[in-house]
$ cat target_17.tsv   # TSV, C-alpha atoms and all ligand atoms
chain	number	residue	atom	x	y	z
B	14	MET	CA	16.12	-45.81	-25.09
B	15	ASN	CA	18.55	-44.80	-22.31
B	16	LYS	CA	19.50	-41.79	-24.37
B	17	ASN	CA	15.84	-40.77	-24.58
B	18	ILE	CA	15.41	-41.06	-20.80
B	19	SER	CA	18.52	-38.93	-20.17
B	20	PHE	CA	17.26	-36.35	-22.63
B	21	VAL	CA	13.84	-36.12	-20.92
B	22	PHE	CA	15.58	-35.92	-17.52
B	23	LEU	CA	17.85	-33.08	-18.68
B	24	LEU	CA	14.90	-31.28	-20.21
B	25	LEU	CA	12.97	-31.54	-16.94
B	26	LEU	CA	15.96	-30.19	-14.99
B	27	PHE	CA	16.19	-27.30	-17.42
B	28	ILE	CA	12.46	-26.46	-17.06
B	29	ILE	CA	12.62	-26.63	-13.25
B	30	ASN	CA	15.68	-24.42	-13.26
B	31	ILE	CA	14.12	-21.79	-15.49
B	32	PHE	CA	10.60	-21.75	-14.09
B	33	GLY	CA	10.94	-23.17	-10.60
B	34	LEU	CA	8.32	-25.59	-9.34
B	35	SER	CA	5.66	-22.90	-9.00
B	36	GLY	CA	5.58	-22.00	-12.67
B	37	GLN	CA	7.10	-18.59	-11.94
B	38	SER	CA	10.34	-17.84	-13.72
B	39	VAL	CA	13.09	-17.76	-11.08
B	40	ASN	CA	14.56	-14.68	-12.66
B	41	SER	CA	11.37	-12.70	-12.67
B	42	TYR	CA	10.21	-9.98	-10.33
B	43	VAL	CA	7.29	-7.58	-10.08
B	44	LEU	CA	6.68	-4.41	-8.07
B	45	VAL	CA	3.26	-2.72	-7.87
B	46	ILE	CA	2.58	0.55	-6.03
B	47	HIS	CA	-0.38	2.79	-5.22
B	48	GLY	CA	-0.70	6.37	-4.03
B	49	GLY	CA	-4.32	6.23	-2.88
B	50	ALA	CA	-7.74	5.66	-4.41
B	51	GLY	CA	-10.61	8.12	-4.51
B	52	ASN	CA	-11.87	11.15	-6.31
B	53	VAL	CA	-8.88	11.23	-8.64
B	54	THR	CA	-10.26	12.87	-11.80
B	55	PRO	CA	-8.80	15.12	-14.51
B	56	GLU	CA	-10.90	17.95	-13.02
B	57	ARG	CA	-9.32	17.60	-9.59
B	58	ILE	CA	-5.74	16.90	-10.60
B	59	ASP	CA	-4.49	19.95	-12.48
B	60	ASP	CA	-2.52	19.57	-15.70
B	61	GLU	CA	0.58	21.13	-14.08
B	62	ILE	CA	0.66	18.77	-11.12
B	63	ARG	CA	0.09	15.54	-13.08
B	64	PRO	CA	3.71	15.19	-14.27
B	65	VAL	CA	4.87	15.65	-10.67
B	66	TYR	CA	2.70	12.74	-9.51
B	67	ILE	CA	3.98	10.63	-12.42
B	68	GLU	CA	7.56	11.59	-11.57
B	69	VAL	CA	7.33	10.57	-7.89
B	70	LEU	CA	5.45	7.34	-8.65
B	71	THR	CA	8.03	6.49	-11.33
B	72	GLU	CA	10.88	7.21	-8.91
B	73	ALA	CA	9.30	4.86	-6.36
B	74	LEU	CA	8.95	2.13	-8.99
B	75	ILE	CA	12.48	2.50	-10.33
B	76	SER	CA	14.08	2.61	-6.89
B	77	GLY	CA	12.15	-0.47	-5.78
B	78	GLU	CA	12.99	-2.24	-9.02
B	79	ARG	CA	16.70	-1.57	-8.50
B	80	VAL	CA	16.48	-3.61	-5.30
B	81	LEU	CA	14.73	-6.50	-7.06
B	82	LYS	CA	16.99	-6.42	-10.12
B	83	ASN	CA	20.05	-6.78	-7.89
B	84	GLY	CA	18.56	-9.87	-6.29
B	85	GLY	CA	17.27	-7.99	-3.24
B	86	SER	CA	14.22	-9.05	-1.26
B	87	SER	CA	10.61	-8.08	-1.87
B	88	LEU	CA	10.61	-6.67	1.68
B	89	ASP	CA	13.45	-4.27	0.85
B	90	ALA	CA	11.73	-3.33	-2.40
B	91	VAL	CA	8.36	-2.45	-0.82
B	92	GLU	CA	10.03	-0.53	2.01
B	93	THR	CA	12.17	1.43	-0.48
B	94	ALA	CA	9.20	2.33	-2.68
B	95	VAL	CA	6.96	3.32	0.25
B	96	ARG	CA	9.68	5.49	1.83
B	97	ILE	CA	9.92	7.53	-1.38
B	98	LEU	CA	6.15	8.08	-1.38
B	99	GLU	CA	6.23	8.93	2.35
B	100	ASP	CA	8.90	11.57	1.69
B	101	SER	CA	6.74	13.30	-0.93
B	102	PRO	CA	4.20	15.90	0.25
B	103	LEU	CA	1.91	14.80	-2.60
B	104	PHE	CA	0.72	11.73	-0.75
B	105	ASN	CA	-1.12	11.19	2.51
B	106	ALA	CA	1.69	9.29	4.20
B	107	GLY	CA	4.71	10.60	6.06
B	108	ARG	CA	5.22	14.17	4.89
B	109	GLY	CA	1.87	15.41	3.54
B	110	ALA	CA	-0.29	13.37	5.92
B	111	VAL	CA	-3.85	14.61	6.50
B	112	PHE	CA	-4.94	16.29	9.74
B	113	ASN	CA	-7.14	14.67	12.37
B	114	ALA	CA	-10.06	16.38	14.12
B	115	GLU	CA	-7.63	18.19	16.43
B	116	GLY	CA	-5.46	19.48	13.59
B	117	LYS	CA	-2.67	16.96	14.21
B	118	ASN	CA	-0.98	14.35	12.02
B	119	GLU	CA	-1.16	10.78	13.31
B	120	LEU	CA	0.50	8.21	11.05
B	121	ASP	CA	-0.11	4.48	10.57
B	122	ALA	CA	1.93	1.89	8.64
B	123	SER	CA	2.48	-1.84	8.28
B	124	ILE	CA	4.61	-4.36	6.43
B	125	MET	CA	4.31	-8.11	5.89
B	126	CYS	CA	6.67	-10.83	4.74
B	127	GLY	CA	4.90	-13.58	2.78
B	128	LYS	CA	7.68	-16.12	3.28
B	129	GLU	CA	7.70	-16.08	7.07
B	130	ILE	CA	4.06	-14.91	7.57
B	131	ASN	CA	5.65	-12.28	9.75
B	132	SER	CA	4.46	-8.71	10.09
B	133	GLY	CA	4.98	-5.42	11.88
B	134	ALA	CA	2.97	-2.22	12.27
B	135	VAL	CA	2.82	1.14	14.01
B	136	ALA	CA	-0.20	3.34	14.59
B	137	SER	CA	-0.85	6.95	15.66
B	138	VAL	CA	2.80	8.02	15.53
B	139	THR	CA	3.47	11.75	15.33
B	140	ASN	CA	7.23	12.13	14.96
B	141	VAL	CA	8.62	9.14	13.04
B	142	LYS	CA	9.78	10.34	9.63
B	143	ASN	CA	9.21	7.02	7.86
B	144	PRO	CA	6.53	4.95	9.60
B	145	VAL	CA	6.99	2.03	7.18
B	146	SER	CA	10.55	1.55	8.49
B	147	ALA	CA	9.24	1.63	12.06
B	148	ALA	CA	6.77	-1.09	11.08
B	149	ARG	CA	9.64	-3.16	9.70
B	150	MET	CA	11.61	-2.67	12.93
B	151	VAL	CA	8.62	-3.89	14.94
B	152	MET	CA	8.51	-6.99	12.72
B	153	GLU	CA	12.22	-7.73	12.83
B	154	GLU	CA	13.38	-6.42	16.18
B	155	SER	CA	10.50	-6.96	18.56
B	156	PRO	CA	8.36	-9.96	19.47
B	157	HIS	CA	5.24	-7.92	18.66
B	158	VAL	CA	3.14	-7.07	15.63
B	159	LEU	CA	1.67	-3.64	16.44
B	160	LEU	CA	2.99	-0.78	18.57
B	161	VAL	CA	1.00	2.44	18.99
B	162	SER	CA	1.55	6.14	19.72
B	163	GLU	CA	4.22	6.95	22.36
B	164	GLY	CA	5.30	3.31	22.69
B	165	ALA	CA	5.89	3.10	18.94
B	166	GLU	CA	7.69	6.46	18.97
B	167	ARG	CA	9.99	5.45	21.84
B	168	PHE	CA	10.72	2.13	20.15
B	169	SER	CA	11.55	3.91	16.86
B	170	TYR	CA	13.87	6.33	18.65
B	171	GLU	CA	15.63	3.52	20.51
B	172	LYS	CA	16.14	1.65	17.23
B	173	GLY	CA	17.82	4.70	15.70
B	174	LEU	CA	15.11	5.65	13.21
B	175	GLU	CA	14.88	9.28	12.14
B	176	ILE	CA	12.68	11.32	14.48
B	177	VAL	CA	11.35	14.70	13.32
B	178	ASP	CA	9.44	17.60	14.81
B	179	PRO	CA	5.69	17.05	14.14
B	180	SER	CA	5.72	20.27	12.08
B	181	TYR	CA	7.72	18.32	9.45
B	182	PHE	CA	4.41	16.72	8.38
B	183	PHE	CA	2.63	20.05	7.84
B	184	ASP	CA	1.34	20.64	4.33
B	185	GLN	CA	-0.66	23.77	3.46
B	186	LYS	CA	-3.00	21.96	1.04
B	187	ARG	CA	-3.88	19.35	3.66
B	188	TRP	CA	-4.41	22.14	6.19
B	189	ASP	CA	-6.84	23.86	3.79
B	190	VAL	CA	-8.77	20.59	3.41
B	191	TYR	CA	-8.88	20.29	7.21
B	192	LYS	CA	-10.19	23.87	7.53
B	193	GLU	CA	-12.83	23.09	4.93
B	194	PHE	CA	-13.75	19.98	6.93
B	195	LEU	CA	-14.23	22.11	10.05
B	196	ARG	CA	-16.36	24.59	8.12
B	197	ARG	CA	-18.57	21.84	6.70
B	198	MET	CA	-19.00	20.19	10.06
B	199	GLU	CA	-20.07	23.53	11.47
B	200	ILE	CA	-22.62	24.09	8.70
B	201	GLU	CA	-23.93	20.54	8.83
B	202	LYS	CA	-23.84	20.49	12.64
B	203	LYS	CA	-22.43	17.00	12.44
B	204	GLY	CA	-20.09	17.35	15.34
B	205	MET	CA	-16.50	16.16	15.07
B	206	ASN	CA	-17.17	12.48	14.84
B	207	GLU	CA	-17.32	11.90	11.14
B	208	PRO	CA	-14.07	11.29	9.35
B	209	HIS	CA	-13.93	12.73	5.91
B	210	TYR	CA	-13.23	10.33	3.08
B	211	ASP	CA	-12.87	12.69	0.17
B	212	GLY	CA	-10.87	10.18	-1.77
B	213	THR	CA	-7.90	12.32	-2.62
B	214	THR	CA	-6.19	11.39	0.57
B	215	GLY	CA	-3.35	9.47	-1.06
B	216	THR	CA	-2.49	6.58	1.24
B	217	VAL	CA	0.51	4.74	-0.24
B	218	GLY	CA	1.42	1.09	-0.60
B	219	ALA	CA	3.58	-1.42	-2.42
B	220	VAL	CA	3.55	-5.15	-3.11
B	221	ALA	CA	6.36	-7.15	-4.66
B	222	LEU	CA	7.50	-10.58	-5.81
B	223	ASP	CA	11.26	-11.06	-5.78
B	224	MET	CA	13.51	-13.40	-7.77
B	225	ASP	CA	13.45	-15.95	-4.93
B	226	GLY	CA	9.67	-16.18	-5.21
B	227	ASN	CA	9.02	-14.28	-1.97
B	228	LEU	CA	6.09	-11.89	-1.64
B	229	ALA	CA	5.84	-8.77	0.56
B	230	ALA	CA	3.39	-5.94	1.11
B	231	ALA	CA	3.54	-2.54	2.85
B	232	THR	CA	1.06	0.30	3.42
B	233	SER	CA	1.46	3.76	4.99
B	234	THR	CA	-1.05	6.53	5.66
B	235	GLY	CA	-2.05	9.62	7.58
B	236	GLY	CA	-5.59	8.17	7.71
B	237	MET	CA	-8.61	10.32	6.95
B	238	THR	CA	-9.09	14.08	7.33
B	239	GLY	CA	-10.96	14.86	10.54
B	240	LYS	CA	-10.54	11.39	12.05
B	241	LYS	CA	-11.01	11.33	15.79
B	242	PHE	CA	-7.73	11.50	17.73
B	243	GLY	CA	-6.48	7.98	18.33
B	244	ARG	CA	-8.50	6.57	15.40
B	245	VAL	CA	-6.66	3.77	13.63
B	246	GLY	CA	-7.61	2.79	10.09
B	247	ASP	CA	-7.05	-0.36	8.08
B	248	SER	CA	-3.52	0.44	6.87
B	249	PRO	CA	-1.66	-0.83	9.98
B	250	ILE	CA	-4.12	-3.71	10.55
B	251	ILE	CA	-2.69	-6.93	9.19
B	252	GLY	CA	-5.33	-8.69	7.11
B	253	ALA	CA	-7.33	-5.49	6.55
B	254	GLY	CA	-5.01	-3.04	4.77
B	255	THR	CA	-1.98	-5.27	4.27
B	256	TYR	CA	-1.39	-9.00	3.81
B	257	ALA	CA	1.18	-11.30	2.19
B	258	SER	CA	1.56	-15.05	1.94
B	259	ASN	CA	3.90	-16.87	-0.42
B	260	LYS	CA	1.12	-19.44	-0.91
B	261	THR	CA	-1.25	-16.88	-2.46
B	262	CYS	CA	-0.53	-13.19	-2.93
B	263	ALA	CA	0.54	-9.84	-1.44
B	264	VAL	CA	-2.07	-7.08	-1.03
B	265	SER	CA	-2.02	-3.38	-0.04
B	266	ALA	CA	-5.30	-1.49	0.28
B	267	THR	CA	-6.51	2.10	0.22
B	268	GLY	CA	-9.96	3.46	0.92
B	269	HIS	CA	-12.47	4.02	3.71
B	270	GLY	CA	-10.61	2.15	6.44
B	271	GLU	CA	-13.53	1.20	8.68
B	272	TYR	CA	-15.07	-0.86	5.85
B	273	PHE	CA	-11.73	-2.45	4.99
B	274	ILE	CA	-11.29	-3.53	8.62
B	275	ARG	CA	-14.81	-4.95	8.96
B	276	ASN	CA	-14.41	-6.87	5.72
B	277	VAL	CA	-10.81	-7.97	6.40
B	278	VAL	CA	-10.17	-7.09	2.78
B	279	ALA	CA	-6.50	-7.99	2.23
B	280	TYR	CA	-6.80	-11.37	3.95
B	281	ASP	CA	-10.15	-12.04	2.28
B	282	ILE	CA	-8.48	-11.80	-1.14
B	283	SER	CA	-5.73	-14.20	-0.08
B	284	ALA	CA	-8.20	-16.62	1.57
B	285	ARG	CA	-10.56	-16.70	-1.42
B	286	MET	CA	-7.62	-17.58	-3.67
B	287	LYS	CA	-6.51	-20.31	-1.30
B	288	TYR	CA	-9.86	-21.91	-0.50
B	289	SER	CA	-11.90	-21.37	-3.65
B	290	GLY	CA	-9.12	-21.55	-6.20
B	291	GLU	CA	-10.12	-18.25	-7.80
B	292	THR	CA	-7.43	-16.38	-9.71
B	293	LEU	CA	-6.03	-13.17	-8.22
B	294	MET	CA	-7.80	-11.09	-10.86
B	295	GLU	CA	-11.20	-12.76	-10.25
B	296	THR	CA	-11.05	-12.47	-6.48
B	297	ALA	CA	-9.65	-8.91	-6.38
B	298	GLU	CA	-12.31	-7.70	-8.85
B	299	TYR	CA	-15.08	-9.41	-6.89
B	300	VAL	CA	-14.00	-8.06	-3.49
B	301	ILE	CA	-13.58	-4.46	-4.68
B	302	ASN	CA	-16.20	-4.10	-7.39
B	303	THR	CA	-18.99	-6.30	-6.02
B	304	LYS	CA	-18.59	-7.05	-2.33
B	305	LEU	CA	-17.35	-3.60	-1.21
B	306	LYS	CA	-19.18	-1.60	-3.87
B	307	ASP	CA	-22.50	-3.15	-2.84
B	308	ILE	CA	-22.10	-1.73	0.67
B	309	ASP	CA	-20.83	1.62	-0.60
B	310	ALA	CA	-17.31	0.99	0.68
B	311	ARG	CA	-14.98	3.05	-1.46
B	312	GLY	CA	-11.38	2.23	-2.28
B	313	GLY	CA	-9.06	-0.10	-4.11
B	314	ILE	CA	-6.20	-2.52	-3.75
B	315	ILE	CA	-3.00	-3.50	-5.48
B	316	ALA	CA	-1.87	-7.12	-5.45
B	317	VAL	CA	0.62	-9.54	-6.95
B	318	ASP	CA	0.34	-13.32	-6.76
B	319	LYS	CA	3.01	-15.96	-6.36
B	320	ASP	CA	3.23	-16.36	-10.15
B	321	GLY	CA	3.71	-12.65	-10.77
B	322	ASN	CA	0.16	-11.83	-11.95
B	323	ILE	CA	-1.01	-8.42	-10.82
B	324	ALA	CA	-4.36	-6.76	-10.04
B	325	MET	CA	-5.12	-3.07	-9.35
B	326	PRO	CA	-8.94	-2.79	-9.05
B	327	PHE	CA	-10.70	0.21	-7.51
B	328	ASN	CA	-14.34	1.31	-7.23
B	329	THR	CA	-13.55	5.04	-6.98
B	330	GLU	CA	-13.05	7.57	-9.78
B	331	GLY	CA	-9.33	6.86	-9.88
B	332	MET	CA	-6.31	5.49	-8.08
B	333	PHE	CA	-2.66	6.51	-8.34
B	334	ARG	CA	-1.00	3.25	-9.35
B	335	GLY	CA	1.78	1.63	-11.31
B	336	TYR	CA	3.87	-1.46	-11.83
B	337	ILE	CA	7.25	-2.49	-13.13
B	338	ASN	CA	8.53	-5.98	-13.90
B	339	SER	CA	11.49	-8.01	-15.10
B	340	LYS	CA	10.06	-8.12	-18.63
B	341	GLY	CA	10.92	-4.44	-18.93
B	342	GLN	CA	7.29	-3.34	-18.67
B	343	MET	CA	6.32	-0.29	-16.66
B	344	GLU	CA	3.06	1.65	-16.36
B	345	VAL	CA	1.90	4.55	-14.20
B	346	LYS	CA	-1.77	5.59	-14.18
B	347	MET	CA	-4.12	7.71	-12.10
B	348	PHE	CA	-7.58	8.00	-13.67
B	349	GLY	CA	-10.32	5.45	-14.15
B	350	ASP	CA	-10.56	5.41	-17.91
B	351	GLU	CA	-6.86	5.04	-18.72
B	401	LIG	N1	-7.35	3.51	4.32
B	401	LIG	C1	-6.94	4.75	4.92
B	401	LIG	C2	-7.57	4.85	6.28
B	401	LIG	O1	-8.75	4.58	6.42
B	401	LIG	C3	-7.29	5.96	4.11
B	401	LIG	C4	-7.06	5.85	2.61
B	401	LIG	O2	-6.59	4.83	2.11
B	401	LIG	O3	-7.33	6.83	1.90
B	401	LIG	O4	-6.89	5.25	7.20

$ encode --input "target_17.tsv" --output "structure tokens" --more "lines below"
Ligand code: ASP
Amino acid sequence: MNKNISFVFLLLLFIINIFGLSGQSVNSYVLVIHGGAGNVTPERIDDEIRPVYIEVLTEALISGERVLKNGGSSLDAVETAVRILEDSPLFNAGRGAVFNAEGKNELDASIMCGKEINSGAVASVTNVKNPVSAARMVMEESPHVLLVSEGAERFSYEKGLEIVDPSYFFDQKRWDVYKEFLRRMEIEKKGMNEPHYDGTTGTVGAVALDMDGNLAAATSTGGMTGKKFGRVGDSPIIGAGTYASNKTCAVSATGHGEYFIRNVVAYDISARMKYSGETLMETAEYVINTKLKDIDARGGIIAVDKDGNIAMPFNTEGMFRGYINSKGQMEVKMFGDE
């Protein structure tokens, strides 16, 4: 009898050790990334450029995974992955950001730690090479959550982050889109007030679960072509474009920011999981493909829950996206029908 009790006790200890109390294996990790949702179709993304997108997205996944594999934090992993996407001119974040109505690049970013429910963000910065790292500095080295424009730039400089000339962000393709925006506004006599959501803008984001069971999320963007100067989208707004809580999930969004702010999309997904008991997949699908779609709000999200389940729904033609996990699985996709 005693032997049986000891055996059951040892078995329980073994199960707790392997899976933790949450059901998630303690040795498991997941990283999910996106490079923007929108009009991403085989017609718009040329055959020659596709492998380049795949290459950069893969590099972001592998570099972020390296952090997680070595026992690093989900925060370090999402920052690492987002920095790589920011450094690529292919995406609308950091280098390659879109132009606002005045022909300038104004960048937004945020990061959130699901363990501490702590977050940081910067908005409308023009000379910080990696806005996601500035967001992290705000979270870790200031008592604030969001710093904007010159204040955020001065803070980033004082903290030793890399500052660049604004011309660093110039990208000819983005400039051509901006010129086209100006031309269309002229023809349609719409004035300069309407931001252009053409869906190939390429905001970037990452969410991760690390081996300690901690969740994190980060998002970075240049916003939308032709946005009014000083306009801030959802990406640096905690709860709208980015959210993470160890009790539920980590979310990073991309899409028409004004709708994502009004609908508090990232927090809504977390709250629905918490209060209604829906799974991540159910709630993410509902929010993107019913709630937002019904009001013509275009975009998508990536998310991972506390048990390592992932969701990558979008209601646009496509979304640059991918994931990698401790089971050795990795996938990178861009179109809707893949
Ligand atoms: N959400 C971004 C913004 O509104 C744009 C995007 O994700 O494409 O600033």

$ closest_atom_pairs --input "target_17.tsv" --of "chain B" --to "ligand LIG 401 (chain B)" --cutoff "10 Å" --atoms "all atoms listed in the file" --output "CSV"
residue,atom,partner,partner_atom,distance
B:His47,CA,B:LIG401,O2,9.8
B:Gly48,CA,B:LIG401,O2,8.6
B:Gly49,CA,B:LIG401,O2,5.7
B:Ala50,CA,B:LIG401,O3,6.4
B:Gly51,CA,B:LIG401,O3,7.3
B:Phe104,CA,B:LIG401,O3,9.8
B:Asn105,CA,B:LIG401,O3,7.6
B:Ala106,CA,B:LIG401,C4,9.5
B:Val111,CA,B:LIG401,C3,9.6
B:Leu120,CA,B:LIG401,O4,8.8
B:Asp121,CA,B:LIG401,O4,7.6
B:Ala122,CA,B:LIG401,O4,9.5
B:Pro208,CA,B:LIG401,O1,9.1
B:His209,CA,B:LIG401,C3,9.7
B:Tyr210,CA,B:LIG401,O3,7.0
B:Asp211,CA,B:LIG401,O3,8.2
B:Gly212,CA,B:LIG401,O3,6.1
B:Thr213,CA,B:LIG401,O3,7.1
B:Thr214,CA,B:LIG401,O3,4.9
B:Gly215,CA,B:LIG401,O3,5.6
B:Thr216,CA,B:LIG401,O2,4.5
B:Val217,CA,B:LIG401,O2,7.5
B:Gly218,CA,B:LIG401,O2,9.2
B:Thr232,CA,B:LIG401,O2,9.0
B:Ser233,CA,B:LIG401,C1,8.5
B:Thr234,CA,B:LIG401,O4,6.2
B:Gly235,CA,B:LIG401,O4,6.5
B:Gly236,CA,B:LIG401,O4,3.2
B:Met237,CA,B:LIG401,O4,5.4
B:Thr238,CA,B:LIG401,C3,8.9
B:Lys240,CA,B:LIG401,O4,8.6
B:Arg244,CA,B:LIG401,O4,8.5
B:Val245,CA,B:LIG401,O4,6.6
B:Gly246,CA,B:LIG401,O4,3.9
B:Asp247,CA,B:LIG401,N1,5.4
B:Ser248,CA,B:LIG401,N1,5.5
B:Pro249,CA,B:LIG401,O4,8.5
B:Ile250,CA,B:LIG401,O4,10.0
B:Ala253,CA,B:LIG401,N1,9.3
B:Gly254,CA,B:LIG401,N1,7.0
B:Ser265,CA,B:LIG401,O2,9.6
B:Ala266,CA,B:LIG401,O2,6.7
B:Thr267,CA,B:LIG401,O2,3.3
B:Gly268,CA,B:LIG401,O2,3.8
B:His269,CA,B:LIG401,O1,4.6
B:Gly270,CA,B:LIG401,O1,3.1
B:Glu271,CA,B:LIG401,O1,6.3
B:Tyr272,CA,B:LIG401,O1,8.4
B:Phe273,CA,B:LIG401,N1,7.4
B:Ile274,CA,B:LIG401,O1,8.8
B:Arg311,CA,B:LIG401,O3,9.2
B:Gly312,CA,B:LIG401,O2,7.0
B:Gly313,CA,B:LIG401,O2,8.3
B:Ile314,CA,B:LIG401,O2,9.4

$ write_last_selection --input "target_17.tsv" --atoms "C-alpha atoms" --output "compact mmCIF listing (two decimals), keeping the file's coordinate frame"
# COMPACT_ATOMS: atom_id res chain seq x y z
CA HIS B 47 -0.38 2.79 -5.22
CA GLY B 48 -0.70 6.37 -4.03
CA GLY B 49 -4.32 6.23 -2.88
CA ALA B 50 -7.74 5.66 -4.41
CA GLY B 51 -10.61 8.12 -4.51
CA PHE B 104 0.72 11.73 -0.75
CA ASN B 105 -1.12 11.19 2.51
CA ALA B 106 1.69 9.29 4.20
CA VAL B 111 -3.85 14.61 6.50
CA LEU B 120 0.50 8.21 11.05
CA ASP B 121 -0.11 4.48 10.57
CA ALA B 122 1.93 1.89 8.64
CA PRO B 208 -14.07 11.29 9.35
CA HIS B 209 -13.93 12.73 5.91
CA TYR B 210 -13.23 10.33 3.08
CA ASP B 211 -12.87 12.69 0.17
CA GLY B 212 -10.87 10.18 -1.77
CA THR B 213 -7.90 12.32 -2.62
CA THR B 214 -6.19 11.39 0.57
CA GLY B 215 -3.35 9.47 -1.06
CA THR B 216 -2.49 6.58 1.24
CA VAL B 217 0.51 4.74 -0.24
CA GLY B 218 1.42 1.09 -0.60
CA THR B 232 1.06 0.30 3.42
CA SER B 233 1.46 3.76 4.99
CA THR B 234 -1.05 6.53 5.66
CA GLY B 235 -2.05 9.62 7.58
CA GLY B 236 -5.59 8.17 7.71
CA MET B 237 -8.61 10.32 6.95
CA THR B 238 -9.09 14.08 7.33
CA LYS B 240 -10.54 11.39 12.05
CA ARG B 244 -8.50 6.57 15.40
CA VAL B 245 -6.66 3.77 13.63
CA GLY B 246 -7.61 2.79 10.09
CA ASP B 247 -7.05 -0.36 8.08
CA SER B 248 -3.52 0.44 6.87
CA PRO B 249 -1.66 -0.83 9.98
CA ILE B 250 -4.12 -3.71 10.55
CA ALA B 253 -7.33 -5.49 6.55
CA GLY B 254 -5.01 -3.04 4.77
CA SER B 265 -2.02 -3.38 -0.04
CA ALA B 266 -5.30 -1.49 0.28
CA THR B 267 -6.51 2.10 0.22
CA GLY B 268 -9.96 3.46 0.92
CA HIS B 269 -12.47 4.02 3.71
CA GLY B 270 -10.61 2.15 6.44
CA GLU B 271 -13.53 1.20 8.68
CA TYR B 272 -15.07 -0.86 5.85
CA PHE B 273 -11.73 -2.45 4.99
CA ILE B 274 -11.29 -3.53 8.62
CA ARG B 311 -14.98 3.05 -1.46
CA GLY B 312 -11.38 2.23 -2.28
CA GLY B 313 -9.06 -0.10 -4.11
CA ILE B 314 -6.20 -2.52 -3.75

$ residues_around --input "target_17.tsv" --residues "Arg187 of chain B" --least-positions-apart "3" --cutoff "10 Å" --atoms "only C-alpha atoms" --output "list in words"
Pro102, Leu103, Phe104, Asn105, Gly109, Ala110, Val111, Phe112, Phe182, Phe183, Asp184, Val190, Tyr191, Lys192, Glu193, Thr214 and Thr238 of chain B

$ closest_residue --input "target_17.tsv" --among "B:Ile251, B:Val220, B:Val317, B:Cys262" --to "Ser123 of chain B" --atoms "only C-alpha atoms"
B:Ile251

$ residues_around --input "target_17.tsv" --residues "Ala221 of chain B" --least-positions-apart "2" --cutoff "8 Å" --atoms "all atoms listed in the file" --output "PyMOL selection string"
chain B and resi 42-45+87-88+90-91+219+223+228-230+263+317

$ write_last_selection --input "target_17.tsv" --atoms "C-alpha atoms" --output "PDB file, in the frame of the given file"
ATOM      1  CA  TYR B  42      10.210  -9.980 -10.330  1.00  0.00           C
ATOM      2  CA  VAL B  43       7.290  -7.580 -10.080  1.00  0.00           C
ATOM      3  CA  LEU B  44       6.680  -4.410  -8.070  1.00  0.00           C
ATOM      4  CA  VAL B  45       3.260  -2.720  -7.870  1.00  0.00           C
ATOM      5  CA  SER B  87      10.610  -8.080  -1.870  1.00  0.00           C
ATOM      6  CA  LEU B  88      10.610  -6.670   1.680  1.00  0.00           C
ATOM      7  CA  ALA B  90      11.730  -3.330  -2.400  1.00  0.00           C
ATOM      8  CA  VAL B  91       8.360  -2.450  -0.820  1.00  0.00           C
ATOM      9  CA  ALA B 219       3.580  -1.420  -2.420  1.00  0.00           C
ATOM     10  CA  ASP B 223      11.260 -11.060  -5.780  1.00  0.00           C
ATOM     11  CA  LEU B 228       6.090 -11.890  -1.640  1.00  0.00           C
ATOM     12  CA  ALA B 229       5.840  -8.770   0.560  1.00  0.00           C
ATOM     13  CA  ALA B 230       3.390  -5.940   1.110  1.00  0.00           C
ATOM     14  CA  ALA B 263       0.540  -9.840  -1.440  1.00  0.00           C
ATOM     15  CA  VAL B 317       0.620  -9.540  -6.950  1.00  0.00           C
TER      16      VAL B 317
END

$ residues_near_point --input "target_17.tsv" --point "(3.7, -5.0, -13.5)" --cutoff "8 Å" --atoms "only C-alpha atoms" --output "ChimeraX atom specification"
/B:43-45,322-323,335-338,342-344

$ write_last_selection --input "target_17.tsv" --atoms "C-alpha atoms" --output "mmCIF file, in the coordinates of the input"
data_model
loop_
_atom_site.group_PDB
_atom_site.id
_atom_site.type_symbol
_atom_site.label_atom_id
_atom_site.label_comp_id
_atom_site.auth_asym_id
_atom_site.auth_seq_id
_atom_site.Cartn_x
_atom_site.Cartn_y
_atom_site.Cartn_z
ATOM 1 C CA VAL B 43 7.290 -7.580 -10.080
ATOM 2 C CA LEU B 44 6.680 -4.410 -8.070
ATOM 3 C CA VAL B 45 3.260 -2.720 -7.870
ATOM 4 C CA ASN B 322 0.160 -11.830 -11.950
ATOM 5 C CA ILE B 323 -1.010 -8.420 -10.820
ATOM 6 C CA GLY B 335 1.780 1.630 -11.310
ATOM 7 C CA TYR B 336 3.870 -1.460 -11.830
ATOM 8 C CA ILE B 337 7.250 -2.490 -13.130
ATOM 9 C CA ASN B 338 8.530 -5.980 -13.900
ATOM 10 C CA GLN B 342 7.290 -3.340 -18.670
ATOM 11 C CA MET B 343 6.320 -0.290 -16.660
ATOM 12 C CA GLU B 344 3.060 1.650 -16.360
#

$ atom_distance --input "target_17.tsv" --atom1 "atom CA of Arg108 of chain B" --atom2 "atom CA of Gly133 of chain B"
20.8 Å

$ atom_distance --input "target_17.tsv" --atom1 "atom CA of Val141 of chain B" --atom2 "atom CA of Trp188 of chain B"
19.6 Å

$ closest_residue --input "target_17.tsv" --among "B:Ala231, B:Leu74, B:Leu305, B:Ala279" --to "Ala134 of chain B" --atoms "only C-alpha atoms"
B:Ala231

$ atom_distance --input "target_17.tsv" --atom1 "atom CA of Pro144 of chain B" --atom2 "atom CA of Gln185 of chain B"
21.1 Å

$ residues_around --input "target_17.tsv" --residues "Ser169 of chain B" --least-positions-apart "5" --cutoff "8 Å" --atoms "only C-alpha atoms" --output "PyMOL selection string"
chain B and resi 141+147+150+174-176
